[in-house]
Structures are given as structure tokens and as C-alpha cells.
file start-v8.json (JSON, C-alpha atoms and all ligand atoms)
[["chain", "number", "residue", "atom", "x", "y", "z"],
["A", 1, "MET", "CA", 9.24, 12.49, -79.26],
["A", 2, "LYS", "CA", 7.87, 12.23, -75.79],
["A", 3, "SER", "CA", 9.71, 14.39, -73.28],
["A", 4, "ARG", "CA", 10.91, 12.52, -70.12],
["A", 5, "GLY", "CA", 10.58, 13.68, -66.57],
["A", 6, "LYS", "CA", 7.69, 15.98, -67.25],
["A", 7, "ILE", "CA", 4.05, 15.73, -66.33],
["A", 8, "GLY", "CA", 1.85, 15.71, -69.42],
["A", 9, "GLY", "CA", 0.62, 18.68, -71.40],
["A", 10, "GLY", "CA", -1.80, 20.21, -68.81],
["A", 11, "GLY", "CA", 0.80, 20.32, -65.93],
["A", 12, "VAL", "CA", -0.28, 19.45, -62.38],
["A", 13, "PHE", "CA", -3.93, 20.22, -62.83],
["A", 14, "GLY", "CA", -3.98, 18.32, -66.04],
["A", 15, "GLY", "CA", -2.72, 15.28, -64.00],
["A", 16, "TRP", "CA", -5.52, 15.63, -61.40],
["A", 17, "SER", "CA", -8.18, 16.01, -64.08],
["A", 18, "SER", "CA", -7.03, 12.80, -65.68],
["A", 19, "LEU", "CA", -7.81, 11.01, -62.37],
["A", 20, "GLY", "CA", -11.39, 12.12, -62.48],
["A", 21, "LEU", "CA", -13.40, 14.16, -59.97],
["A", 22, "PRO", "CA", -14.51, 11.26, -57.67],
["A", 23, "ALA", "CA", -10.90, 10.13, -57.21],
["A", 24, "VAL", "CA", -9.80, 13.67, -56.34],
["A", 25, "LEU", "CA", -12.63, 13.99, -53.85],
["A", 26, "LEU", "CA", -11.70, 10.68, -52.21],
["A", 27, "LEU", "CA", -8.08, 11.80, -51.93],
["A", 28, "CYS", "CA", -9.19, 15.08, -50.31],
["A", 29, "ILE", "CA", -11.31, 13.19, -47.75],
["A", 30, "PHE", "CA", -8.42, 10.79, -47.04],
["A", 31, "PHE", "CA", -5.96, 13.63, -46.37],
["A", 32, "PHE", "CA", -8.52, 15.47, -44.25],
["A", 33, "PHE", "CA", -9.00, 12.48, -41.90],
["A", 34, "LEU", "CA", -5.26, 11.74, -41.85],
["A", 35, "GLY", "CA", -4.60, 15.30, -40.72],
["A", 36, "PHE", "CA", -7.44, 15.32, -38.19],
["A", 37, "PHE", "CA", -6.59, 12.02, -36.44],
["A", 38, "GLY", "CA", -2.85, 12.57, -36.68],
["A", 39, "SER", "CA", -3.01, 15.97, -34.97],
["A", 40, "SER", "CA", -5.46, 14.87, -32.24],
["A", 41, "LEU", "CA", -3.26, 11.80, -31.47],
["A", 42, "LEU", "CA", -0.20, 14.03, -31.23],
["A", 43, "SER", "CA", -1.90, 16.60, -29.02],
["A", 44, "GLN", "CA", -3.21, 13.79, -26.75],
["A", 45, "GLN", "CA", 0.32, 12.45, -26.33],
["A", 46, "VAL", "CA", 1.66, 15.91, -25.51],
["A", 47, "GLU", "CA", -1.22, 16.51, -23.07],
["A", 48, "THR", "CA", -0.68, 13.15, -21.28],
["A", 49, "GLU", "CA", 3.04, 13.79, -20.98],
["A", 50, "SER", "CA", 2.56, 17.34, -19.68],
["A", 51, "SER", "CA", -0.17, 16.38, -17.19],
["A", 52, "LEU", "CA", 1.85, 13.49, -15.75],
["A", 53, "HIS", "CA", 5.09, 15.44, -15.65],
["A", 54, "PRO", "CA", 4.07, 19.12, -15.63],
["A", 55, "ARG", "CA", 6.83, 21.70, -15.80],
["A", 56, "PRO", "CA", 7.21, 23.86, -12.70],
["A", 57, "ARG", "CA", 5.83, 27.35, -13.27],
["A", 58, "VAL", "CA", 8.54, 29.98, -13.27],
["A", 59, "LEU", "CA", 8.12, 33.72, -12.90],
["A", 60, "LYS", "CA", 9.39, 35.95, -15.68],
["A", 61, "GLU", "CA", 12.83, 37.27, -14.92],
["A", 62, "GLU", "CA", 11.85, 40.86, -15.69],
["A", 63, "GLU", "CA", 9.29, 40.75, -12.82],
["A", 64, "TYR", "CA", 11.79, 39.65, -10.16],
["A", 65, "ASP", "CA", 15.50, 39.34, -10.35],
["A", 66, "PRO", "CA", 16.84, 35.99, -9.07],
["A", 67, "LEU", "CA", 19.90, 36.17, -6.82],
["A", 68, "PRO", "CA", 23.05, 34.14, -7.40],
["A", 69, "ARG", "CA", 22.21, 30.74, -5.95],
["A", 70, "GLY", "CA", 24.03, 28.46, -3.55],
["A", 71, "ASP", "CA", 25.25, 25.06, -4.76],
["A", 72, "SER", "CA", 21.95, 23.35, -3.97],
["A", 73, "GLY", "CA", 19.68, 26.29, -4.88],
["A", 74, "ASP", "CA", 17.57, 27.24, -7.91],
["A", 75, "ASP", "CA", 18.23, 29.74, -10.72],
["A", 76, "SER", "CA", 14.58, 30.77, -10.93],
["A", 77, "PHE", "CA", 11.53, 31.44, -8.77],
["A", 78, "THR", "CA", 8.87, 28.81, -8.05],
["A", 79, "THR", "CA", 5.22, 29.58, -7.45],
["A", 80, "ILE", "CA", 3.09, 27.10, -5.53],
["A", 81, "PRO", "CA", -0.19, 28.83, -4.61],
["A", 82, "PHE", "CA", -1.50, 28.20, -1.11],
["A", 83, "GLN", "CA", -4.08, 29.46, 1.35],
["A", 84, "ILE", "CA", -3.54, 29.60, 5.10],
["A", 85, "LEU", "CA", -6.54, 27.72, 6.46],
["A", 86, "SER", "CA", -5.59, 28.08, 10.10],
["A", 87, "TRP", "CA", -2.79, 29.11, 12.47],
["A", 88, "ARG", "CA", -4.05, 26.72, 15.21],
["A", 89, "PRO", "CA", -3.12, 24.23, 13.85],
["A", 90, "ARG", "CA", -0.78, 25.59, 11.19],
["A", 91, "ALA", "CA", -2.70, 24.30, 8.16],
["A", 92, "LEU", "CA", -2.20, 25.22, 4.50],
["A", 93, "TYR", "CA", -4.30, 24.39, 1.47],
["A", 94, "PHE", "CA", -2.64, 23.93, -1.96],
["A", 95, "PRO", "CA", -5.12, 24.04, -4.87],
["A", 96, "GLY", "CA", -4.13, 22.06, -7.97],
["A", 97, "PHE", "CA", -1.04, 20.56, -6.39],
["A", 98, "ALA", "CA", -1.22, 17.50, -8.68],
["A", 99, "THR", "CA", -2.88, 16.93, -12.05],
["A", 100, "ALA", "CA", -5.96, 14.74, -12.55],
["A", 101, "LYS", "CA", -3.82, 12.28, -14.56],
["A", 102, "GLN", "CA", -1.27, 12.01, -11.76],
["A", 103, "CYS", "CA", -4.06, 11.32, -9.25],
["A", 104, "GLU", "CA", -5.59, 8.65, -11.48],
["A", 105, "SER", "CA", -2.21, 6.95, -11.89],
["A", 106, "ILE", "CA", -1.64, 6.86, -8.11],
["A", 107, "ILE", "CA", -5.09, 5.34, -7.56],
["A", 108, "LYS", "CA", -4.35, 2.74, -10.25],
["A", 109, "MET", "CA", -1.10, 1.67, -8.61],
["A", 110, "ALA", "CA", -2.70, 1.51, -5.13],
["A", 111, "LYS", "CA", -5.96, -0.23, -6.05],
["A", 112, "VAL", "CA", -4.38, -3.65, -6.53],
["A", 113, "LYS", "CA", -2.68, -3.71, -3.11],
["A", 114, "LEU", "CA", -5.32, -2.39, -0.70],
["A", 115, "ALA", "CA", -5.72, -3.94, 2.73],
["A", 116, "PRO", "CA", -7.71, -2.79, 5.81],
["A", 117, "SER", "CA", -5.96, 0.23, 7.38],
["A", 118, "THR", "CA", -4.23, -0.35, 10.70],
["A", 119, "LEU", "CA", -3.41, 1.83, 13.72],
["A", 120, "ALA", "CA", -0.30, 2.46, 15.77],
["A", 121, "LEU", "CA", -1.42, 1.03, 19.12],
["A", 122, "ARG", "CA", -1.01, 2.66, 22.52],
["A", 123, "LYS", "CA", -0.26, 0.70, 25.68],
["A", 124, "GLY", "CA", -3.31, -1.48, 26.42],
["A", 125, "GLU", "CA", -4.81, -1.15, 22.93],
["A", 126, "THR", "CA", -5.38, -4.13, 20.63],
["A", 127, "ALA", "CA", -6.68, -4.50, 17.08],
["A", 128, "GLU", "CA", -9.89, -5.81, 18.65],
["A", 129, "ASN", "CA", -10.58, -2.98, 21.12],
["A", 130, "THR", "CA", -9.73, -0.27, 18.54],
["A", 131, "LYS", "CA", -12.02, -1.69, 15.83],
["A", 132, "GLY", "CA", -14.12, 1.02, 14.17],
["A", 133, "ILE", "CA", -11.66, 3.88, 14.78],
["A", 134, "ARG", "CA", -10.16, 3.66, 11.29],
["A", 135, "THR", "CA", -12.24, 1.81, 8.75],
["A", 136, "SER", "CA", -10.58, 2.72, 5.42],
["A", 137, "SER", "CA", -8.42, 0.49, 3.24],
["A", 138, "GLY", "CA", -4.89, 1.47, 2.36],
["A", 139, "MET", "CA", -1.41, 0.60, 1.23],
["A", 140, "PHE", "CA", 2.10, 2.02, 1.52],
["A", 141, "ILE", "CA", 4.20, 2.89, -1.51],
["A", 142, "SER", "CA", 7.52, 4.71, -1.68],
["A", 143, "SER", "CA", 8.61, 6.80, -4.65],
["A", 144, "SER", "CA", 11.45, 4.34, -5.36],
["A", 145, "GLU", "CA", 8.84, 1.62, -6.01],
["A", 146, "ASP", "CA", 6.94, 3.77, -8.52],
["A", 147, "LYS", "CA", 8.43, 3.29, -11.98],
["A", 148, "THR", "CA", 6.28, 6.06, -13.52],
["A", 149, "GLY", "CA", 8.18, 8.72, -11.55],
["A", 150, "ILE", "CA", 4.95, 10.45, -10.49],
["A", 151, "LEU", "CA", 5.44, 9.89, -6.75],
["A", 152, "ALA", "CA", 8.98, 11.26, -7.00],
["A", 153, "LEU", "CA", 7.63, 14.40, -8.69],
["A", 154, "ILE", "CA", 4.96, 14.87, -6.01],
["A", 155, "GLU", "CA", 7.53, 14.25, -3.29],
["A", 156, "LYS", "CA", 9.85, 16.90, -4.76],
["A", 157, "LYS", "CA", 6.99, 19.38, -4.86],
["A", 158, "ILE", "CA", 6.13, 18.62, -1.22],
["A", 159, "GLU", "CA", 9.79, 19.14, -0.37],
["A", 160, "ARG", "CA", 9.77, 22.56, -2.02],
["A", 161, "ALA", "CA", 6.48, 23.57, -0.38],
["A", 162, "THR", "CA", 7.60, 22.55, 3.12],
["A", 163, "MET", "CA", 11.42, 22.90, 2.90],
["A", 164, "ILE", "CA", 11.52, 19.55, 4.72],
["A", 165, "PRO", "CA", 13.87, 17.23, 2.77],
["A", 166, "ARG", "CA", 12.34, 14.26, 0.93],
["A", 167, "SER", "CA", 14.56, 11.94, 2.95],
["A", 168, "ASN", "CA", 12.56, 12.88, 6.08],
["A", 169, "GLY", "CA", 9.33, 11.55, 4.58],
["A", 170, "GLU", "CA", 7.69, 8.18, 5.19],
["A", 171, "ALA", "CA", 6.38, 6.20, 2.22],
["A", 172, "PHE", "CA", 3.02, 7.43, 0.86],
["A", 173, "ASN", "CA", 0.01, 5.90, 2.58],
["A", 174, "VAL", "CA", -2.71, 5.74, -0.08],
["A", 175, "LEU", "CA", -6.17, 5.42, 1.46],
["A", 176, "ARG", "CA", -9.60, 4.60, 0.09],
["A", 177, "TYR", "CA", -12.76, 5.38, 2.06],
["A", 178, "GLU", "CA", -16.05, 3.90, 0.92],
["A", 179, "ILE", "CA", -19.50, 5.01, 2.08],
["A", 180, "GLY", "CA", -19.65, 5.11, 5.90],
["A", 181, "GLN", "CA", -15.87, 4.69, 6.31],
["A", 182, "ARG", "CA", -14.05, 7.13, 8.57],
["A", 183, "TYR", "CA", -11.02, 7.87, 10.70],
["A", 184, "ASN", "CA", -11.81, 9.12, 14.20],
["A", 185, "SER", "CA", -9.88, 12.15, 15.41],
["A", 186, "HIS", "CA", -6.30, 11.39, 16.38],
["A", 187, "TYR", "CA", -2.80, 12.85, 16.42],
["A", 188, "ASP", "CA", -0.19, 11.94, 13.83],
["A", 189, "ALA", "CA", 2.61, 12.74, 16.28],
["A", 190, "PHE", "CA", 3.36, 10.05, 18.87],
["A", 191, "ASN", "CA", 3.15, 11.24, 22.46],
["A", 192, "PRO", "CA", 5.94, 9.29, 24.26],
["A", 193, "THR", "CA", 3.86, 9.08, 27.43],
["A", 194, "GLU", "CA", 1.25, 7.08, 25.48],
["A", 195, "TYR", "CA", 3.37, 5.32, 22.85],
["A", 196, "GLY", "CA", 6.71, 4.94, 24.65],
["A", 197, "PRO", "CA", 10.05, 6.48, 23.63],
["A", 198, "GLN", "CA", 10.26, 7.47, 19.95],
["A", 199, "LYS", "CA", 13.35, 7.35, 17.71],
["A", 200, "SER", "CA", 11.92, 10.19, 15.62],
["A", 201, "GLN", "CA", 8.77, 12.25, 15.56],
["A", 202, "ARG", "CA", 6.25, 13.27, 12.88],
["A", 203, "ILE", "CA", 6.53, 17.03, 12.34],
["A", 204, "ALA", "CA", 3.88, 17.50, 9.67],
["A", 205, "SER", "CA", 1.45, 15.67, 7.38],
["A", 206, "PHE", "CA", 0.81, 16.36, 3.71],
["A", 207, "LEU", "CA", -2.45, 15.00, 2.31],
["A", 208, "LEU", "CA", -2.95, 14.84, -1.45],
["A", 209, "TYR", "CA", -6.60, 14.35, -2.34],
["A", 210, "LEU", "CA", -6.80, 11.96, -5.27],
["A", 211, "SER", "CA", -10.55, 12.18, -5.81],
["A", 212, "ASP", "CA", -13.49, 14.48, -5.32],
["A", 213, "VAL", "CA", -16.11, 13.24, -2.83],
["A", 214, "GLU", "CA", -19.78, 13.89, -3.54],
["A", 215, "GLU", "CA", -20.70, 14.23, 0.13],
["A", 216, "GLY", "CA", -18.82, 13.81, 3.43],
["A", 217, "GLY", "CA", -15.22, 12.61, 3.72],
["A", 218, "GLU", "CA", -13.86, 15.98, 4.87],
["A", 219, "THR", "CA", -10.62, 16.13, 6.82],
["A", 220, "MET", "CA", -11.67, 17.70, 10.11],
["A", 221, "PHE", "CA", -9.81, 19.59, 12.82],
["A", 222, "PRO", "CA", -12.24, 19.59, 15.78],
["A", 223, "PHE", "CA", -9.94, 21.61, 18.09],
["A", 224, "GLU", "CA", -9.14, 24.33, 15.54],
["A", 225, "ASN", "CA", -8.45, 27.61, 17.32],
["A", 226, "GLY", "CA", -9.05, 25.95, 20.70],
["A", 227, "GLU", "CA", -12.72, 25.11, 19.95],
["A", 228, "ASN", "CA", -14.38, 21.97, 21.43],
["A", 229, "ALA", "CA", -11.18, 21.07, 23.28],
["A", 230, "ASP", "CA", -12.83, 19.71, 26.41],
["A", 231, "ALA", "CA", -12.63, 16.34, 28.10],
["A", 232, "ASN", "CA", -16.08, 15.37, 26.79],
["A", 233, "TYR", "CA", -15.20, 15.60, 23.09],
["A", 234, "ASP", "CA", -16.44, 12.52, 21.25],
["A", 235, "PHE", "CA", -13.63, 11.52, 18.84],
["A", 236, "ARG", "CA", -16.14, 10.34, 16.23],
["A", 237, "LYS", "CA", -17.76, 13.76, 15.96],
["A", 238, "CYS", "CA", -17.28, 15.52, 12.65],
["A", 239, "ILE", "CA", -16.93, 19.16, 13.77],
["A", 240, "GLY", "CA", -14.56, 22.13, 13.66],
["A", 241, "LEU", "CA", -12.60, 23.14, 10.58],
["A", 242, "LYS", "CA", -13.53, 20.82, 7.71],
["A", 243, "VAL", "CA", -11.52, 20.54, 4.50],
["A", 244, "ARG", "CA", -13.43, 19.19, 1.55],
["A", 245, "PRO", "CA", -11.45, 16.74, -0.60],
["A", 246, "ARG", "CA", -10.96, 17.91, -4.18],
["A", 247, "ARG", "CA", -8.95, 15.90, -6.67],
["A", 248, "GLY", "CA", -5.41, 17.21, -7.04],
["A", 249, "ASP", "CA", -5.53, 19.58, -4.04],
["A", 250, "GLY", "CA", -3.13, 19.32, -1.12],
["A", 251, "LEU", "CA", -3.41, 19.94, 2.61],
["A", 252, "LEU", "CA", -0.40, 20.45, 4.86],
["A", 253, "PHE", "CA", -0.60, 20.74, 8.62],
["A", 254, "TYR", "CA", 2.00, 20.77, 11.34],
["A", 255, "SER", "CA", 1.64, 18.40, 14.30],
["A", 256, "LEU", "CA", 4.46, 20.01, 16.28],
["A", 257, "TYR", "CA", 4.96, 23.57, 17.44],
["A", 258, "PRO", "CA", 8.26, 25.18, 16.39],
["A", 259, "ASN", "CA", 9.62, 24.20, 19.84],
["A", 260, "GLY", "CA", 9.05, 20.50, 19.03],
["A", 261, "THR", "CA", 6.12, 19.83, 21.38],
["A", 262, "ILE", "CA", 2.80, 18.44, 20.12],
["A", 263, "ASP", "CA", 0.23, 21.04, 19.02],
["A", 264, "PRO", "CA", -3.09, 19.94, 20.64],
["A", 265, "SER", "CA", -5.05, 21.67, 17.86],
["A", 266, "SER", "CA", -3.50, 19.31, 15.26],
["A", 267, "LEU", "CA", -6.04, 16.67, 16.32],
["A", 268, "HIS", "CA", -7.74, 15.62, 13.08],
["A", 269, "GLY", "CA", -9.69, 12.85, 11.41],
["A", 270, "SER", "CA", -11.76, 11.94, 8.40],
["A", 271, "CYS", "CA", -15.54, 12.44, 8.48],
["A", 272, "PRO", "CA", -17.46, 9.44, 7.14],
["A", 273, "VAL", "CA", -18.06, 9.41, 3.40],
["A", 274, "ILE", "CA", -21.78, 9.91, 2.76],
["A", 275, "LYS", "CA", -21.87, 9.75, -1.05],
["A", 276, "GLY", "CA", -19.11, 8.69, -3.46],
["A", 277, "GLN", "CA", -15.65, 7.45, -2.63],
["A", 278, "LYS", "CA", -12.63, 9.19, -1.13],
["A", 279, "TRP", "CA", -9.02, 8.59, -2.18],
["A", 280, "VAL", "CA", -6.17, 10.37, -0.46],
["A", 281, "ALA", "CA", -2.38, 9.92, -0.25],
["A", 282, "THR", "CA", -0.79, 10.88, 3.06],
["A", 283, "LYS", "CA", 2.87, 11.68, 3.49],
["A", 284, "TRP", "CA", 4.16, 12.03, 7.04],
["A", 285, "LEU", "CA", 7.24, 14.17, 7.46],
["A", 286, "ARG", "CA", 9.61, 13.46, 10.36],
["A", 287, "ASN", "CA", 12.35, 15.25, 12.23],
["A", 288, "GLU", "CA", 14.83, 12.49, 11.34],
["A", 289, "GLU", "CA", 15.64, 10.84, 8.01],
["A", 290, "GLU", "CA", 13.61, 7.80, 7.02],
["A", 291, "TYR", "CA", 15.09, 4.86, 5.20],
["A", 292, "ASP", "CA", 12.71, 3.02, 2.90],
["B", 301, "LIG", "O1", -8.27, 10.93, 5.31],
["B", 301, "LIG", "C1", -8.09, 12.01, 5.85],
["B", 301, "LIG", "O2", -8.65, 13.04, 5.49],
["B", 301, "LIG", "C2", -7.21, 12.05, 7.07],
["B", 301, "LIG", "C3", -6.16, 11.00, 7.03],
["B", 301, "LIG", "C4", -5.41, 10.97, 8.30],
["B", 301, "LIG", "O3", -5.82, 11.48, 9.29],
["B", 301, "LIG", "C5", -4.13, 10.31, 8.36],
["B", 301, "LIG", "O4", -3.75, 9.64, 7.39],
["B", 301, "LIG", "O5", -3.46, 10.45, 9.41]]

call {"tool": "encode", "arguments": {"input": "start-v8.json", "output": "C-alpha cells"}}
result
Amino acid sequence: MKSRGKIGGGGVFGGWSSLGLPAVLLLCIFFFFLGFFGSSLLSQQVETESSLHPRPRVLKEEEYDPLPRGDSGDDSFTTIPFQILSWRPRALYFPGFATAKQCESIIKMAKVKLAPSTLALRKGETAENTKGIRTSSGMFISSSEDKTGILALIEKKIERATMIPRSNGEAFNVLRYEIGQRYNSHYDAFNPTEYGPQKSQRIASFLLYLSDVEEGGETMFPFENGENADANYDFRKCIGLKVRPRRGDGLLFYSLYPNGTIDPSSLHGSCPVIKGQKWVATKWLRNEEEYD
């Protein structure tokens, strides 16, 4: 009588051998590729998720002991590396502030809505007589318009790095500079004697570089440390402290002194792009809440 529920006489290996060697080989190859593609697909998904929404780095508790927090505080330490580039103006550089994937996503959302960049005009200025000062293209986007959540993440990181609440920020101004395009030196803060009375003032600017630039396109501070600050300065001139755009890096500088007056050394601009293309997202931070 044949026994039920049992693999034939030779056990498992007997079953394989009855399939024949070519069939076993084919099965092995099939499982190999299944494993290979399955694991690389999975790791790609994990990588995309973690590079779009990276976890904040936290220090180990045994290194430093966190204090009991206030209602709105954190339970752990945050590290955001930065370099002081200058004290006049107060300028900080943040390497690797955003991931390459985050930068690419921001460019993708901006690309479809670009228009020639405009200027806030002083008394007597018109679009016609200020032509050539700012030749990039750009668009404005607030974090509430971004369904991917990336701009909200970046905004929260800027908030932590500056301790200026998100609600004091303007919408992101995403800019693209092509070869030869530039932004002559200017102030981000609005001097009331030139622009009239202001409801609020820009305290600081955070620039997130979304691309590398092969040549040119630096953010320049011609009056850094009081250099070149004479009446003859040509606002097109690309001199002084120059910050080279690198994808994912951030630059923060303060336009106001702690006493609220405009820091003359915060004059800045974008050198013309010589080779490649420059993408940057600017966030202006104000002394009053913005409503977007
Ligand atoms: O593109 C840059 O590097 C500077 C941008 C800038 O000056 C601004 O948006 O106010």
C-alpha cells in the first residue's frame, strides 16, 4: 500500500533528483534573481524614504545628559553642523543641510512655474530702469502648498538652526540662474528711507543650494569685514567673501544687527553663472509673523 502524505522513497533529495538536473539549475537561477531584485528594490525604497525624510541625528544619552524639557522643548540633543563664515556680516554655512533627493524634488516642483524674477522697487525705480539687476527666473512656494512634506521638513530644520519660528518666514523663493544670469549686490532688509514705512522687517536670509555649479554663481558679500565699502563700489562686481553653491548646503546670514538696525556688511548678490546652472531656495525670516 502506498503511504499518504509522504514524499517518495528517497526523501527530499529523491524528489529533486526526479526533477532532473536542468530543472533544479533553472529553479536555483530563478530564486537567485528573485532574491537579488527583491532586495535591491526594497533597499531602494528604504533609501528614497530616508533621503526624503531623514531622521534628525541625536547624540547618545551617555555622552550628554538631557535636562527635563519645557512643554515645547525636546527630549534629546540635535546636531546641525555649521561653520562661521563671517562675523561681519553674521554668516553661517551648513554643509549637508538637505539631501540630494530633497533638492531634486524641490527643483521638480519649481521648474513648472518659473517666471522672470522681480525686484522690490524703491521710490523712482521701475521695472524698465532696473532691468539687468536681477536676471534669474523664480517662483514662490510655501510649505503648505507642498504635498510631499519636504518643504515643511526643511522649514523645521531652519527653525531649529535659527531659533526663529517658522511662522516668521516668507514662502520659499526658488531661483534658477542660467549662464550669464546674476543678481547685483543688494540688501534683503528694506531701509524705510528708501522703501517707505515697513510693517515688518527681514531679519535674516537662509539660502538652500539645490544644485552644484560648475563655475561662477557664488553668493558674494562684497562689504565683508568692511572691505570695499566705498561710494564707488560697482554693484555688479563679484568680489569679497564668495560662497560656492553646493547641492544640499545651506547659508544663513543676518541682515539686521541685534539692535534691529541694518548691517551694512550684509550687502550680497549672486555672481553670474559661468558654467552650468544654479538652483537655490531662499527663505527670508522676518521680525513679525507672516501669513501665507
Ligand atoms: O542667489 C544667491 O546666491 C543670492 C540670492 C539673493 O540674494 C536673494 O534671494 O536675496

call {"tool": "residues_near_ligand", "arguments": {"input": "start-v8.json", "ligand": "ligand LIG 301 (chain B)", "cutoff": "7 Å", "atoms": "only C-alpha atoms and all ligand atoms", "output": "list of chain:residue names"}}
result
A:Tyr183, A:Asp188, A:Gly217, A:Glu218, A:Thr219, A:His268, A:Gly269, A:Ser270, A:Val280, A:Thr282

call {"tool": "write_last_selection", "arguments": {"input": "start-v8.json", "atoms": "C-alpha atoms", "output": "mmCIF file, in the frame of the given file"}}
result
data_model
loop_
_atom_site.group_PDB
_atom_site.id
_atom_site.type_symbol
_atom_site.label_atom_id
_atom_site.label_comp_id
_atom_site.auth_asym_id
_atom_site.auth_seq_id
_atom_site.Cartn_x
_atom_site.Cartn_y
_atom_site.Cartn_z
ATOM 1 C CA TYR A 183 -11.020 7.870 10.700
ATOM 2 C CA ASP A 188 -0.190 11.940 13.830
ATOM 3 C CA GLY A 217 -15.220 12.610 3.720
ATOM 4 C CA GLU A 218 -13.860 15.980 4.870
ATOM 5 C CA THR A 219 -10.620 16.130 6.820
ATOM 6 C CA HIS A 268 -7.740 15.620 13.080
ATOM 7 C CA GLY A 269 -9.690 12.850 11.410
ATOM 8 C CA SER A 270 -11.760 11.940 8.400
ATOM 9 C CA VAL A 280 -6.170 10.370 -0.460
ATOM 10 C CA THR A 282 -0.790 10.880 3.060
#

call {"tool": "atom_distance", "arguments": {"input": "start-v8.json", "atom1": "CA of Thr135 (chain A)", "atom2": "CA of Pro272 (chain A)"}}
result
9.4 Å

call {"tool": "residues_around", "arguments": {"input": "start-v8.json", "residues": "Trp284 (chain A)", "least_positions_apart": "6", "cutoff": "7 Å", "atoms": "all atoms listed in the file", "output": "compact mmCIF listing (two decimals) with C-alpha atoms, in the frame of the given file"}}
result
# COMPACT_ATOMS: atom_id res chain seq x y z
CA GLY A 169 9.33 11.55 4.58
CA GLU A 170 7.69 8.18 5.19
CA ARG A 202 6.25 13.27 12.88
CA ALA A 204 3.88 17.50 9.67
CA SER A 205 1.45 15.67 7.38
CA PHE A 206 0.81 16.36 3.71

call {"tool": "residues_around", "arguments": {"input": "start-v8.json", "residues": "region 245-258 of chain A", "least_positions_apart": "2", "cutoff": "6 Å", "atoms": "only C-alpha atoms", "output": "list of chain:residue names"}}
result
A:Arg90, A:Ala91, A:Leu92, A:Tyr93, A:Phe94, A:Pro95, A:Gly96, A:Phe97, A:Ala98, A:Thr99, A:Ile203, A:Ala204, A:Ser205, A:Phe206, A:Leu207, A:Leu208, A:Tyr209, A:Leu210, A:Ser211, A:Asp212, A:Gly260, A:Thr261, A:Ile262, A:Asp263, A:Ser266

call {"tool": "atom_distance", "arguments": {"input": "start-v8.json", "atom1": "CA of Thr118 (chain A)", "atom2": "CA of Arg182 (chain A)"}}
result
12.5 Å

call {"tool": "atom_distance", "arguments": {"input": "start-v8.json", "atom1": "CA of Ile239 (chain A)", "atom2": "CA of Ala171 (chain A)"}}
result
29.1 Å
